[in-house]
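This is coords36.csv. It holds CSV, C-alpha atoms.
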chain,number,residue,atom,x,y,z
A,1,LEU,CA,-0.2,51.5,12.6
A,2,TYR,CA,-2.0,49.1,14.9
A,3,ALA,CA,-4.8,48.4,12.3
A,4,GLY,CA,-2.4,48.2,9.4
A,5,ARG,CA,-0.4,45.5,11.3
A,6,ASN,CA,-3.3,43.1,10.4
A,7,SER,CA,-1.8,42.4,7.0
A,8,ALA,CA,1.6,41.4,8.6
A,9,LEU,CA,-0.2,39.0,10.9
A,10,TYR,CA,-2.8,37.5,8.6
A,11,TRP,CA,-1.4,37.8,5.1
A,12,LEU,CA,2.4,38.0,5.4
A,13,ASP,CA,2.0,35.4,8.2
A,14,LEU,CA,5.1,36.8,9.9
A,15,ARG,CA,6.6,35.4,13.1
A,16,PRO,CA,9.8,35.7,15.1
A,17,GLY,CA,12.7,34.3,13.1
A,18,ASP,CA,11.3,35.2,9.7
A,19,ILE,CA,13.4,37.3,7.2
A,20,MET,CA,11.0,39.5,5.2
A,21,TRP,CA,11.9,41.0,1.9
A,22,CYS,CA,9.4,43.4,0.4
A,23,THR,CA,10.9,45.0,-2.8
A,24,ALA,CA,8.7,48.1,-2.7
A,25,ASP,CA,10.3,51.5,-2.3
A,26,VAL,CA,10.2,53.0,1.2
A,27,GLY,CA,8.2,55.9,-0.3
A,28,TRP,CA,5.1,53.7,-0.6
A,29,SER,CA,2.7,53.4,2.3
A,30,LYS,CA,3.2,49.6,1.9
A,31,ALA,CA,6.6,50.1,3.4
A,32,GLY,CA,4.9,50.5,6.7
A,33,THR,CA,3.1,47.2,6.6
A,34,SER,CA,5.7,45.1,4.8
A,35,ILE,CA,9.1,46.7,5.5
A,36,LEU,CA,9.0,48.6,8.7
A,37,PHE,CA,6.3,48.4,11.3
A,38,GLY,CA,4.6,45.3,10.1
A,39,PRO,CA,7.6,42.9,10.3
A,40,TRP,CA,9.1,44.5,13.4
A,41,SER,CA,5.8,44.3,15.3
A,42,CYS,CA,5.8,40.6,14.6
A,43,GLY,CA,9.4,40.0,15.7
A,44,ALA,CA,10.6,39.4,12.1
A,45,THR,CA,13.8,40.7,10.5
A,46,THR,CA,13.5,43.1,7.5
A,47,PHE,CA,15.9,42.6,4.6
A,48,PHE,CA,16.3,45.7,2.4
A,49,TYR,CA,18.2,46.1,-0.9
A,50,ASP,CA,18.9,49.5,-2.3
A,51,GLY,CA,19.9,48.7,-5.9
A,52,PRO,CA,18.5,48.4,-9.4
A,53,PHE,CA,16.1,45.7,-10.5
A,54,ASP,CA,17.8,42.6,-11.9
A,55,PRO,CA,15.8,39.3,-11.8
A,56,LYS,CA,18.9,37.2,-11.5
A,57,GLU,CA,20.2,39.3,-8.6
A,58,ARG,CA,16.8,39.0,-6.9
A,59,LEU,CA,17.2,35.2,-6.9
A,60,ARG,CA,20.8,35.4,-5.7
A,61,LEU,CA,19.9,37.6,-2.8
A,62,LEU,CA,16.9,35.4,-1.9
A,63,GLU,CA,19.2,32.4,-1.7
A,64,LYS,CA,22.2,34.1,0.0
A,65,HIS,CA,20.2,35.8,2.8
A,66,LYS,CA,17.8,32.9,3.3
A,67,VAL,CA,14.7,35.1,2.9
A,68,SER,CA,11.6,33.3,4.2
A,69,VAL,CA,8.8,35.7,3.1
A,70,TYR,CA,9.1,37.4,-0.3
A,71,CYS,CA,6.8,40.2,-1.4
A,72,ALA,CA,6.9,41.6,-4.9
A,73,PRO,CA,4.5,43.0,-7.6
A,74,GLY,CA,3.3,40.8,-10.4
A,75,THR,CA,5.5,42.4,-13.0
A,76,GLU,CA,8.6,41.6,-10.9
A,77,LEU,CA,7.6,38.0,-10.3
A,78,PHE,CA,6.9,37.6,-14.0
A,79,ARG,CA,10.6,38.4,-14.7
A,80,VAL,CA,12.1,36.6,-11.8
A,81,VAL,CA,10.3,33.3,-12.4
A,82,ASP,CA,12.0,33.0,-15.8
A,83,ALA,CA,15.4,34.0,-14.5
A,84,GLY,CA,16.6,30.5,-13.5
A,85,VAL,CA,14.7,29.8,-10.3
A,86,GLU,CA,15.5,26.1,-10.4
A,87,ALA,CA,19.3,26.9,-10.2
A,88,HIS,CA,18.9,28.5,-6.7
A,89,ASP,CA,18.4,27.0,-3.3
A,90,LEU,CA,15.3,28.7,-2.0
A,91,SER,CA,14.6,26.1,0.7
A,92,ALA,CA,14.4,28.9,3.3
A,93,LEU,CA,11.5,30.5,1.4
A,94,ARG,CA,8.1,29.5,2.9
A,95,HIS,CA,5.8,32.2,1.7
A,96,THR,CA,5.5,34.4,-1.4
A,97,VAL,CA,3.0,37.3,-1.6
A,98,SER,CA,2.1,39.9,-4.2
A,99,SER,CA,0.3,43.2,-4.4
A,100,GLY,CA,0.4,46.6,-6.2
A,101,GLU,CA,-1.1,45.2,-9.5
A,102,THR,CA,-3.1,42.3,-10.7
A,103,LEU,CA,-1.2,39.1,-10.7
A,104,ASN,CA,-1.4,37.0,-13.8
A,105,SER,CA,-2.5,33.5,-13.2
A,106,ALA,CA,0.1,32.1,-15.6
A,107,VAL,CA,2.9,33.6,-13.5
A,108,ALA,CA,1.4,32.2,-10.3
A,109,GLU,CA,1.2,28.8,-11.8
A,110,ARG,CA,4.8,28.9,-13.0
A,111,TRP,CA,6.1,30.1,-9.7
A,112,GLN,CA,4.3,27.4,-7.8
A,113,ALA,CA,5.5,24.7,-10.2
A,114,LYS,CA,9.2,25.9,-9.8
A,115,THR,CA,9.3,26.6,-6.1
A,116,GLY,CA,6.4,24.6,-4.7
A,117,ILE,CA,5.0,27.7,-3.1
A,118,ALA,CA,1.8,29.5,-4.0
A,119,ILE,CA,1.7,33.2,-4.5
A,120,LEU,CA,-0.9,34.8,-2.2
A,121,GLU,CA,-2.2,38.1,-3.6
A,122,ALA,CA,-3.6,41.0,-1.6
A,123,TYR,CA,-5.2,44.3,-2.5
A,124,GLY,CA,-4.8,47.8,-1.0
A,125,GLN,CA,-4.2,51.4,-1.6
A,126,THR,CA,-2.2,54.3,-0.2
A,127,GLU,CA,-5.4,55.7,1.2
A,128,THR,CA,-6.4,52.4,2.9
A,129,LEU,CA,-3.4,50.1,3.3
A,130,MET,CA,-4.1,46.4,2.7
A,131,THR,CA,-7.9,45.6,2.7
A,132,LEU,CA,-8.4,42.3,0.8
A,133,LEU,CA,-6.2,39.4,1.7
A,134,ASN,CA,-5.6,35.8,0.5
A,135,TYR,CA,-4.9,34.0,3.8
A,136,PRO,CA,-2.3,31.2,4.2
A,137,CYS,CA,-4.8,29.4,6.4
A,138,GLN,CA,-7.7,29.4,3.9
A,139,ALA,CA,-8.3,28.0,0.4
A,140,THR,CA,-7.5,30.5,-2.4
A,141,ARG,CA,-9.5,31.1,-5.6
A,142,MET,CA,-7.5,31.5,-8.8
A,143,GLY,CA,-7.4,35.1,-9.8
A,144,SER,CA,-9.1,36.3,-6.6
A,145,MET,CA,-8.1,39.5,-4.7
A,146,GLY,CA,-9.0,37.6,-1.5
A,147,LEU,CA,-11.3,38.2,1.4
A,148,PRO,CA,-11.7,41.3,3.6
A,149,SER,CA,-9.1,41.9,6.3
A,150,PRO,CA,-10.4,41.2,9.8
A,151,GLY,CA,-12.5,44.1,11.1
A,152,LEU,CA,-13.1,45.7,7.7
A,153,GLU,CA,-16.4,45.9,5.8
A,154,LEU,CA,-15.9,45.8,2.0
A,155,ASP,CA,-18.4,45.1,-0.7
A,156,VAL,CA,-19.3,45.7,-4.4
A,157,ILE,CA,-21.8,48.6,-4.6
A,158,ASP,CA,-23.8,50.6,-7.2
A,159,ALA,CA,-23.8,54.3,-7.7
A,160,GLU,CA,-26.3,54.8,-4.9
A,161,GLY,CA,-24.3,53.0,-2.3
A,162,ARG,CA,-26.3,49.8,-2.4
A,163,ARG,CA,-24.7,46.4,-2.1
A,164,LEU,CA,-24.8,44.4,-5.3
A,165,PRO,CA,-25.5,40.6,-5.4
A,166,ALA,CA,-22.8,38.1,-6.0
A,167,GLY,CA,-21.6,38.0,-9.6
A,168,ALA,CA,-22.6,41.6,-10.3
A,169,GLU,CA,-19.9,44.1,-11.3
A,170,GLY,CA,-19.6,47.4,-9.6
A,171,ASP,CA,-17.4,49.6,-7.4
A,172,ILE,CA,-15.3,48.0,-4.7
A,173,ALA,CA,-16.0,50.1,-1.7
A,174,ILE,CA,-15.1,50.3,2.1
A,175,LEU,CA,-17.8,51.1,4.7
A,176,THR,CA,-16.6,53.9,7.0
A,177,PRO,CA,-15.5,54.8,9.6
A,178,ASN,CA,-12.4,52.5,9.2
A,179,PRO,CA,-9.3,52.6,11.3
A,180,GLN,CA,-7.0,52.1,8.3
A,181,MET,CA,-8.5,54.9,6.3
A,182,MET,CA,-6.8,58.2,5.5
A,183,LEU,CA,-8.4,61.3,7.0
A,184,GLY,CA,-8.5,62.9,3.5
A,185,TYR,CA,-6.4,64.4,0.8
A,186,LEU,CA,-4.2,67.2,2.1
A,187,ASP,CA,-5.7,70.6,1.3
A,188,ASP,CA,-8.2,69.1,-1.2
A,189,GLU,CA,-11.6,68.8,0.4
A,190,ALA,CA,-13.3,68.6,-3.0
A,191,ARG,CA,-11.2,65.5,-4.1
A,192,THR,CA,-11.8,63.9,-0.7
A,193,ALA,CA,-15.6,64.4,-1.0
A,194,GLU,CA,-15.6,62.8,-4.5
A,195,CYS,CA,-14.4,59.5,-3.0
A,196,TYR,CA,-17.4,58.9,-0.9
A,197,VAL,CA,-21.0,58.0,-1.5
A,198,GLU,CA,-23.9,57.8,1.0
A,199,GLY,CA,-25.8,54.6,1.0
A,200,PRO,CA,-28.6,53.0,3.1
A,201,GLU,CA,-26.0,51.6,5.5
A,202,GLY,CA,-23.8,54.6,5.8
A,203,ARG,CA,-20.9,56.3,4.0
A,204,TRP,CA,-18.8,54.2,1.6
A,205,PHE,CA,-15.3,55.0,0.4
A,206,ILE,CA,-15.0,54.3,-3.4
A,207,THR,CA,-11.7,52.8,-4.2
A,208,GLY,CA,-11.8,53.5,-7.9
A,209,ASP,CA,-11.5,49.8,-8.7
A,210,LEU,CA,-14.2,47.8,-10.3
A,211,GLY,CA,-14.9,44.2,-9.3
A,212,MET,CA,-17.3,41.5,-8.3
A,213,ARG,CA,-17.8,39.2,-5.4
A,214,ASP,CA,-18.7,35.5,-5.6
A,215,GLU,CA,-21.1,33.6,-3.3
A,216,ASP,CA,-18.4,32.8,-0.8
A,217,GLY,CA,-17.2,36.4,-0.4
A,218,TYR,CA,-14.1,36.3,-2.6
A,219,PHE,CA,-13.4,39.5,-4.6
A,220,PHE,CA,-12.3,39.6,-8.2
A,221,HIS,CA,-10.8,42.6,-9.9
A,222,ARG,CA,-12.3,43.9,-13.1
A,223,GLY,CA,-10.0,46.9,-13.7
A,224,ARG,CA,-9.6,50.5,-12.6
A,225,ARG,CA,-12.3,52.9,-13.5
A,226,ASP,CA,-9.8,54.9,-15.5
A,227,ASP,CA,-8.5,51.8,-17.3
A,228,VAL,CA,-11.8,50.3,-18.5
A,229,ILE,CA,-12.1,50.4,-22.3
A,230,ASN,CA,-15.5,51.5,-23.8
A,231,SER,CA,-15.6,50.1,-27.3
A,232,ALA,CA,-18.9,50.2,-29.3
A,233,GLY,CA,-20.9,49.9,-26.1
A,234,TYR,CA,-18.8,47.1,-24.6
A,235,ARG,CA,-16.9,47.7,-21.3
A,236,ILE,CA,-13.7,45.8,-21.4
A,237,GLY,CA,-11.2,45.4,-18.6
A,238,PRO,CA,-7.6,45.5,-19.8
A,239,SER,CA,-6.3,42.9,-17.2
A,240,GLU,CA,-8.4,40.1,-18.7
A,241,VAL,CA,-7.0,40.8,-22.2
A,242,GLU,CA,-3.5,41.0,-20.8
A,243,ASN,CA,-3.8,37.7,-18.9
A,244,ALA,CA,-4.9,36.1,-22.1
A,245,LEU,CA,-2.0,37.5,-24.1
A,246,LEU,CA,0.5,36.4,-21.4
A,247,GLU,CA,-0.7,32.8,-21.8
A,248,HIS,CA,0.7,32.8,-25.4
A,249,PRO,CA,4.3,31.4,-25.6
A,250,SER,CA,5.6,34.4,-27.6
A,251,VAL,CA,4.6,37.1,-25.1
A,252,GLN,CA,7.1,38.2,-22.4
A,253,GLU,CA,5.2,41.3,-21.3
A,254,CYS,CA,2.2,43.3,-22.4
A,255,ALA,CA,-0.1,46.2,-21.6
A,256,VAL,CA,-3.6,46.9,-22.9
A,257,VAL,CA,-5.2,50.3,-23.3
A,258,GLY,CA,-8.1,51.9,-25.0
A,259,ALA,CA,-7.0,53.7,-28.2
A,260,PRO,CA,-9.3,56.5,-29.6
A,261,ASP,CA,-11.3,55.3,-32.7
A,262,ARG,CA,-13.7,57.3,-34.9
A,263,GLU,CA,-16.3,54.5,-35.2
A,264,ARG,CA,-16.1,52.7,-31.9
A,265,GLY,CA,-15.1,55.4,-29.5
A,266,GLU,CA,-12.2,53.3,-28.4
A,267,ILE,CA,-10.6,50.0,-29.6
A,268,VAL,CA,-8.6,47.6,-27.6
A,269,LYS,CA,-4.9,48.1,-28.3
A,270,ALA,CA,-2.1,45.8,-27.0
A,271,PHE,CA,1.5,46.8,-26.6
A,272,VAL,CA,3.6,43.6,-26.6
A,273,VAL,CA,7.2,42.7,-25.7
A,274,LEU,CA,8.1,39.4,-27.3
A,275,ARG,CA,10.3,36.6,-25.9
A,276,PRO,CA,13.6,36.0,-27.7
A,277,GLY,CA,13.2,34.1,-30.9
A,278,PHE,CA,9.9,35.5,-32.0
A,279,SER,CA,9.3,38.2,-34.7
A,280,GLY,CA,6.6,40.8,-34.4
A,281,ASP,CA,5.1,40.4,-37.8
A,282,ALA,CA,1.5,40.4,-39.2
A,283,ALA,CA,1.2,36.6,-38.8
A,284,LEU,CA,2.0,36.7,-35.1
A,285,MET,CA,-0.3,39.7,-34.6
A,286,ARG,CA,-3.2,37.6,-36.1
A,287,ALA,CA,-2.2,34.6,-33.9
A,288,LEU,CA,-2.3,36.8,-30.8
A,289,GLN,CA,-5.7,38.2,-31.8
A,290,ASP,CA,-7.1,34.7,-32.4
A,291,HIS,CA,-5.7,33.5,-29.1
A,292,VAL,CA,-7.5,36.3,-27.2
A,293,LYS,CA,-10.8,35.6,-29.0
A,294,ALA,CA,-10.6,31.9,-28.0
A,295,VAL,CA,-9.6,32.6,-24.3
A,296,THR,CA,-11.9,35.5,-23.5
A,297,ALA,CA,-14.6,36.7,-26.0
A,298,PRO,CA,-14.5,37.7,-29.6
A,299,TYR,CA,-15.3,41.4,-28.9
A,300,LYS,CA,-12.4,41.7,-26.4
A,301,TYR,CA,-9.6,40.9,-28.8
A,302,PRO,CA,-7.0,43.7,-29.5
A,303,ARG,CA,-7.8,45.3,-32.9
A,304,ALA,CA,-4.4,46.9,-32.8
A,305,VAL,CA,-1.1,45.3,-31.7
A,306,GLU,CA,2.2,47.2,-31.4
A,307,PHE,CA,5.4,45.4,-30.7
A,308,LEU,CA,7.9,47.2,-28.4
A,309,SER,CA,11.3,46.4,-27.0
A,310,GLU,CA,10.2,47.5,-23.5
A,311,LEU,CA,7.2,48.9,-21.7
A,312,PRO,CA,7.2,52.2,-19.7
A,313,LYS,CA,7.4,51.4,-16.0
A,314,THR,CA,7.7,53.1,-12.7
A,315,MET,CA,10.9,52.9,-10.6
A,316,THR,CA,9.3,50.0,-8.8
A,317,GLY,CA,8.6,48.1,-12.0
A,318,LYS,CA,4.9,48.7,-12.4
A,319,ILE,CA,3.7,49.1,-16.0
A,320,GLN,CA,2.5,52.7,-16.7
A,321,ARG,CA,-0.7,52.3,-18.8
A,322,ARG,CA,-1.3,56.0,-18.5
A,323,VAL,CA,1.8,56.7,-20.5
A,324,LEU,CA,0.6,54.4,-23.3
A,325,ARG,CA,-2.9,55.9,-23.2
A,326,ASP,CA,-1.4,59.4,-23.6
A,327,ILE,CA,0.7,58.3,-26.5
A,328,GLU,CA,-2.5,57.0,-28.3
A,329,LYS,CA,-4.4,60.2,-27.5
A,330,ASP,CA,-1.5,62.3,-29.0
A,331,ARG,CA,-1.5,60.1,-32.1
A,332,ALA,CA,-5.2,60.4,-32.5
A,333,ALA,CA,-5.0,64.2,-32.1
A,334,SER,CA,-2.3,64.5,-34.7
A,335,ALA,CA,-4.2,62.3,-37.1
A,336,GLY,CA,-7.3,64.4,-36.6
A,337,LYS,CA,-5.3,67.6,-37.5
A,338,ARG,CA,-3.9,66.0,-40.6
A,339,HIS,CA,-7.5,64.8,-41.6
A,340,THR,CA,-8.8,68.4,-41.1
A,341,ALA,CA,-5.9,69.8,-43.2
A,342,ARG,CA,-6.7,67.5,-46.1
A,343,ALA,CA,-10.4,68.3,-45.9
A,344,VAL,CA,-9.7,72.0,-46.1
Would you mind writing the structure in this file as structure tokens?
Amino acid sequence: LYAGRNSALYWLDLRPGDIMWCTADVGWSKAGTSILFGPWSCGATTFFYDGPFDPKERLRLLEKHKVSVYCAPGTELFRVVDAGVEAHDLSALRHTVSSGETLNSAVAERWQAKTGIAILEAYGQTETLMTLLNYPCQATRMGSMGLPSPGLELDVIDAEGRRLPAGAEGDIAILTPNPQMMLGYLDDEARTAECYVEGPEGRWFITGDLGMRDEDGYFFHRGRRDDVINSAGYRIGPSEVENALLEHPSVQECAVVGAPDRERGEIVKAFVVLRPGFSGDAALMRALQDHVKAVTAPYKYPRAVEFLSELPKTMTGKIQRRVLRDIEKDRAASAGKRHTARAV
């Protein structure tokens, strides 16, 4: 608890008199740092709302209860920023933070334009609590996960536990022992052991996230190990493709996964929810593909686009890519069975 309080001090920037609203469920470990022990240890008040997600209701409550520090995942902020921010008095709000999933830069820019407040992103896990922070007192880098929390040693390493140079992509890892770390997975020694690698400097905990670090120590996310798409020899992070799609005026929400493909192993597939007034036809699909090619790289564009009315999400509003991947695997398996039946 004492170590985890660092994020309340240095990232949330809480102080006596603040009213803190973190919209995470109390079942998350983040509830400790952002709803319960973190705010209380700093003398701040916690506001809690036990109700369904409604972006307009979020804004009404922010205004009514004069919330000064607001913490929400990127998916939530994406919906709230377009729900009429300018019609509400948010003058009490001095600080907005986000974690739980990668924050899209377009959302951060729109939020700052409408509220005058930057969104400071942070990174953490249930196993480690918050470990990378964007500090209110330091300059931020667009798209960065931030800098290590005070007292923690994080770096990007290779499979042998060696630190990689700036700009190189590898595993984001935490040097142990660490006072914020879990002791292990309950009754699962094998799974616990799989999370560690011995290196020249000691034992590293592998977070499961890929990233890189720039010359000044800022970390940048490149996707979960499980989410990375391997297409014809290229490794493609879905978040970069999603960020490109979200910059297109027709896209309200999207999720990108790897879909099984006979020739390429996997292809990039995008599931897209459109804004009102747009039609999901072949012309728009080509426009989205061309947009991604122009913004990222030609080989990263989604070779398949499926338009949906909504995306599968958790109770806390996070997009469930795994559900979409499973759908694509089931479709591929069914197609394979049909192909075999025809061949017979």
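For the atom pair formed by atom CA of A:Gly51 and atom CA of A:Thr75, the distance is 17.2 Å, given to one decimal.
Of the listed residues A:Trp204, A:Phe47, A:Tyr185, A:Phe219, the one whose atoms come nearest to A:Gly146 is A:Phe219, with distances taken using all atoms listed in the file.
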Contacts of A:Ala159 within 10 Å, all atoms listed in the file, excl. fewer than 6 positions in-chain, as an MDAnalysis selection string: chainID A and resid 170:171 197:199 206
Dig up all the protein and nucleic acid residues within 9 Å of (11.9, 39.9, -13.2) in the file frame, using all atoms listed in the file, and format them as a PDB file with C-alpha atoms, in the coordinates of the input.
ATOM      1  CA  PHE A  53      16.100  45.700 -10.500  1.00  0.00           C
ATOM      2  CA  ASP A  54      17.800  42.600 -11.900  1.00  0.00           C
ATOM      3  CA  PRO A  55      15.800  39.300 -11.800  1.00  0.00           C
ATOM      4  CA  LYS A  56      18.900  37.200 -11.500  1.00  0.00           C
ATOM      5  CA  ARG A  58      16.800  39.000  -6.900  1.00  0.00           C
ATOM      6  CA  THR A  75       5.500  42.400 -13.000  1.00  0.00           C
ATOM      7  CA  GLU A  76       8.600  41.600 -10.900  1.00  0.00           C
ATOM      8  CA  LEU A  77       7.600  38.000 -10.300  1.00  0.00           C
ATOM      9  CA  PHE A  78       6.900  37.600 -14.000  1.00  0.00           C
ATOM     10  CA  ARG A  79      10.600  38.400 -14.700  1.00  0.00           C
ATOM     11  CA  VAL A  80      12.100  36.600 -11.800  1.00  0.00           C
ATOM     12  CA  VAL A  81      10.300  33.300 -12.400  1.00  0.00           C
ATOM     13  CA  ASP A  82      12.000  33.000 -15.800  1.00  0.00           C
ATOM     14  CA  ALA A  83      15.400  34.000 -14.500  1.00  0.00           C
ATOM     15  CA  GLY A 317       8.600  48.100 -12.000  1.00  0.00           C
TER      16      GLY A 317
END
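With atom CA of A:Thr314 on one side and atom CA of A:Val85 on the other, the separation reads 24.4 Å.
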Distance query 8 Å from (-7.5, 51.7, 2.0) using only C-alpha atoms, result as a compact mmCIF listing (two decimals) with C-alpha atoms, in the coordinates of the input:
# COMPACT_ATOMS: atom_id res chain seq x y z
CA GLY A 124 -4.80 47.80 -1.00
CA GLN A 125 -4.20 51.40 -1.60
CA THR A 126 -2.20 54.30 -0.20
CA GLU A 127 -5.40 55.70 1.20
CA THR A 128 -6.40 52.40 2.90
CA LEU A 129 -3.40 50.10 3.30
CA MET A 130 -4.10 46.40 2.70
CA THR A 131 -7.90 45.60 2.70
CA ILE A 174 -15.10 50.30 2.10
CA GLN A 180 -7.00 52.10 8.30
CA MET A 181 -8.50 54.90 6.30
CA MET A 182 -6.80 58.20 5.50
CA THR A 207 -11.70 52.80 -4.20
Selection: 8 Å around A:Gly100, all atoms listed in the file, excl. self and same-chain fewer than 3 positions, as number ranges by chain: A: 73-74, 123-124, 318
Atoms added to stretch 156-172 of chain A (N, CA and C atoms), reported as a PDB file, keeping the file's coordinate frame:
ATOM      1  N   VAL A 156     -19.149  45.183  -3.012  1.00  0.00           N
ATOM      2  CA  VAL A 156     -19.300  45.700  -4.400  1.00  0.00           C
ATOM      3  C   VAL A 156     -20.640  46.469  -4.375  1.00  0.00           C
ATOM      4  N   ILE A 157     -20.619  47.758  -4.699  1.00  0.00           N
ATOM      5  CA  ILE A 157     -21.800  48.600  -4.600  1.00  0.00           C
ATOM      6  C   ILE A 157     -22.152  49.267  -5.911  1.00  0.00           C
ATOM      7  N   ASP A 158     -23.384  49.782  -6.000  1.00  0.00           N
ATOM      8  CA  ASP A 158     -23.800  50.600  -7.200  1.00  0.00           C
ATOM      9  C   ASP A 158     -23.583  52.051  -6.910  1.00  0.00           C
ATOM     10  N   ALA A 159     -24.014  52.903  -7.834  1.00  0.00           N
ATOM     11  CA  ALA A 159     -23.800  54.300  -7.700  1.00  0.00           C
ATOM     12  C   ALA A 159     -24.535  54.979  -6.564  1.00  0.00           C
ATOM     13  N   GLU A 160     -25.566  54.297  -6.054  1.00  0.00           N
ATOM     14  CA  GLU A 160     -26.300  54.800  -4.900  1.00  0.00           C
ATOM     15  C   GLU A 160     -25.894  54.258  -3.585  1.00  0.00           C
ATOM     16  N   GLY A 161     -24.782  53.537  -3.565  1.00  0.00           N
ATOM     17  CA  GLY A 161     -24.300  53.000  -2.300  1.00  0.00           C
ATOM     18  C   GLY A 161     -24.993  51.770  -1.821  1.00  0.00           C
ATOM     19  N   ARG A 162     -25.635  51.034  -2.745  1.00  0.00           N
ATOM     20  CA  ARG A 162     -26.300  49.800  -2.400  1.00  0.00           C
ATOM     21  C   ARG A 162     -25.481  48.595  -2.715  1.00  0.00           C
ATOM     22  N   ARG A 163     -25.459  47.611  -1.833  1.00  0.00           N
ATOM     23  CA  ARG A 163     -24.700  46.400  -2.100  1.00  0.00           C
ATOM     24  C   ARG A 163     -25.283  45.664  -3.303  1.00  0.00           C
ATOM     25  N   LEU A 164     -24.402  45.154  -4.151  1.00  0.00           N
ATOM     26  CA  LEU A 164     -24.800  44.400  -5.300  1.00  0.00           C
ATOM     27  C   LEU A 164     -24.762  42.896  -5.000  1.00  0.00           C
ATOM     28  N   PRO A 165     -25.579  42.092  -5.674  1.00  0.00           N
ATOM     29  CA  PRO A 165     -25.500  40.600  -5.400  1.00  0.00           C
ATOM     30  C   PRO A 165     -24.277  40.009  -5.960  1.00  0.00           C
ATOM     31  N   ALA A 166     -24.002  38.807  -5.515  1.00  0.00           N
ATOM     32  CA  ALA A 166     -22.800  38.100  -6.000  1.00  0.00           C
ATOM     33  C   ALA A 166     -22.878  37.933  -7.507  1.00  0.00           C
ATOM     34  N   GLY A 167     -21.720  38.135  -8.135  1.00  0.00           N
ATOM     35  CA  GLY A 167     -21.600  38.000  -9.600  1.00  0.00           C
ATOM     36  C   GLY A 167     -21.845  39.300 -10.348  1.00  0.00           C
ATOM     37  N   ALA A 168     -22.371  40.337  -9.675  1.00  0.00           N
ATOM     38  CA  ALA A 168     -22.600  41.600 -10.300  1.00  0.00           C
ATOM     39  C   ALA A 168     -21.383  42.500 -10.231  1.00  0.00           C
ATOM     40  N   GLU A 169     -21.088  43.227 -11.300  1.00  0.00           N
ATOM     41  CA  GLU A 169     -19.900  44.100 -11.300  1.00  0.00           C
ATOM     42  C   GLU A 169     -20.277  45.495 -10.860  1.00  0.00           C
ATOM     43  N   GLY A 170     -19.414  46.088 -10.042  1.00  0.00           N
ATOM     44  CA  GLY A 170     -19.600  47.400  -9.600  1.00  0.00           C
ATOM     45  C   GLY A 170     -18.384  47.991  -8.910  1.00  0.00           C
ATOM     46  N   ASP A 171     -18.550  49.010  -8.080  1.00  0.00           N
ATOM     47  CA  ASP A 171     -17.400  49.600  -7.400  1.00  0.00           C
ATOM     48  C   ASP A 171     -17.042  48.866  -6.144  1.00  0.00           C
ATOM     49  N   ILE A 172     -15.771  48.556  -6.002  1.00  0.00           N
ATOM     50  CA  ILE A 172     -15.300  48.000  -4.700  1.00  0.00           C
ATOM     51  C   ILE A 172     -15.199  49.154  -3.756  1.00  0.00           C
TER      52      ILE A 172
END
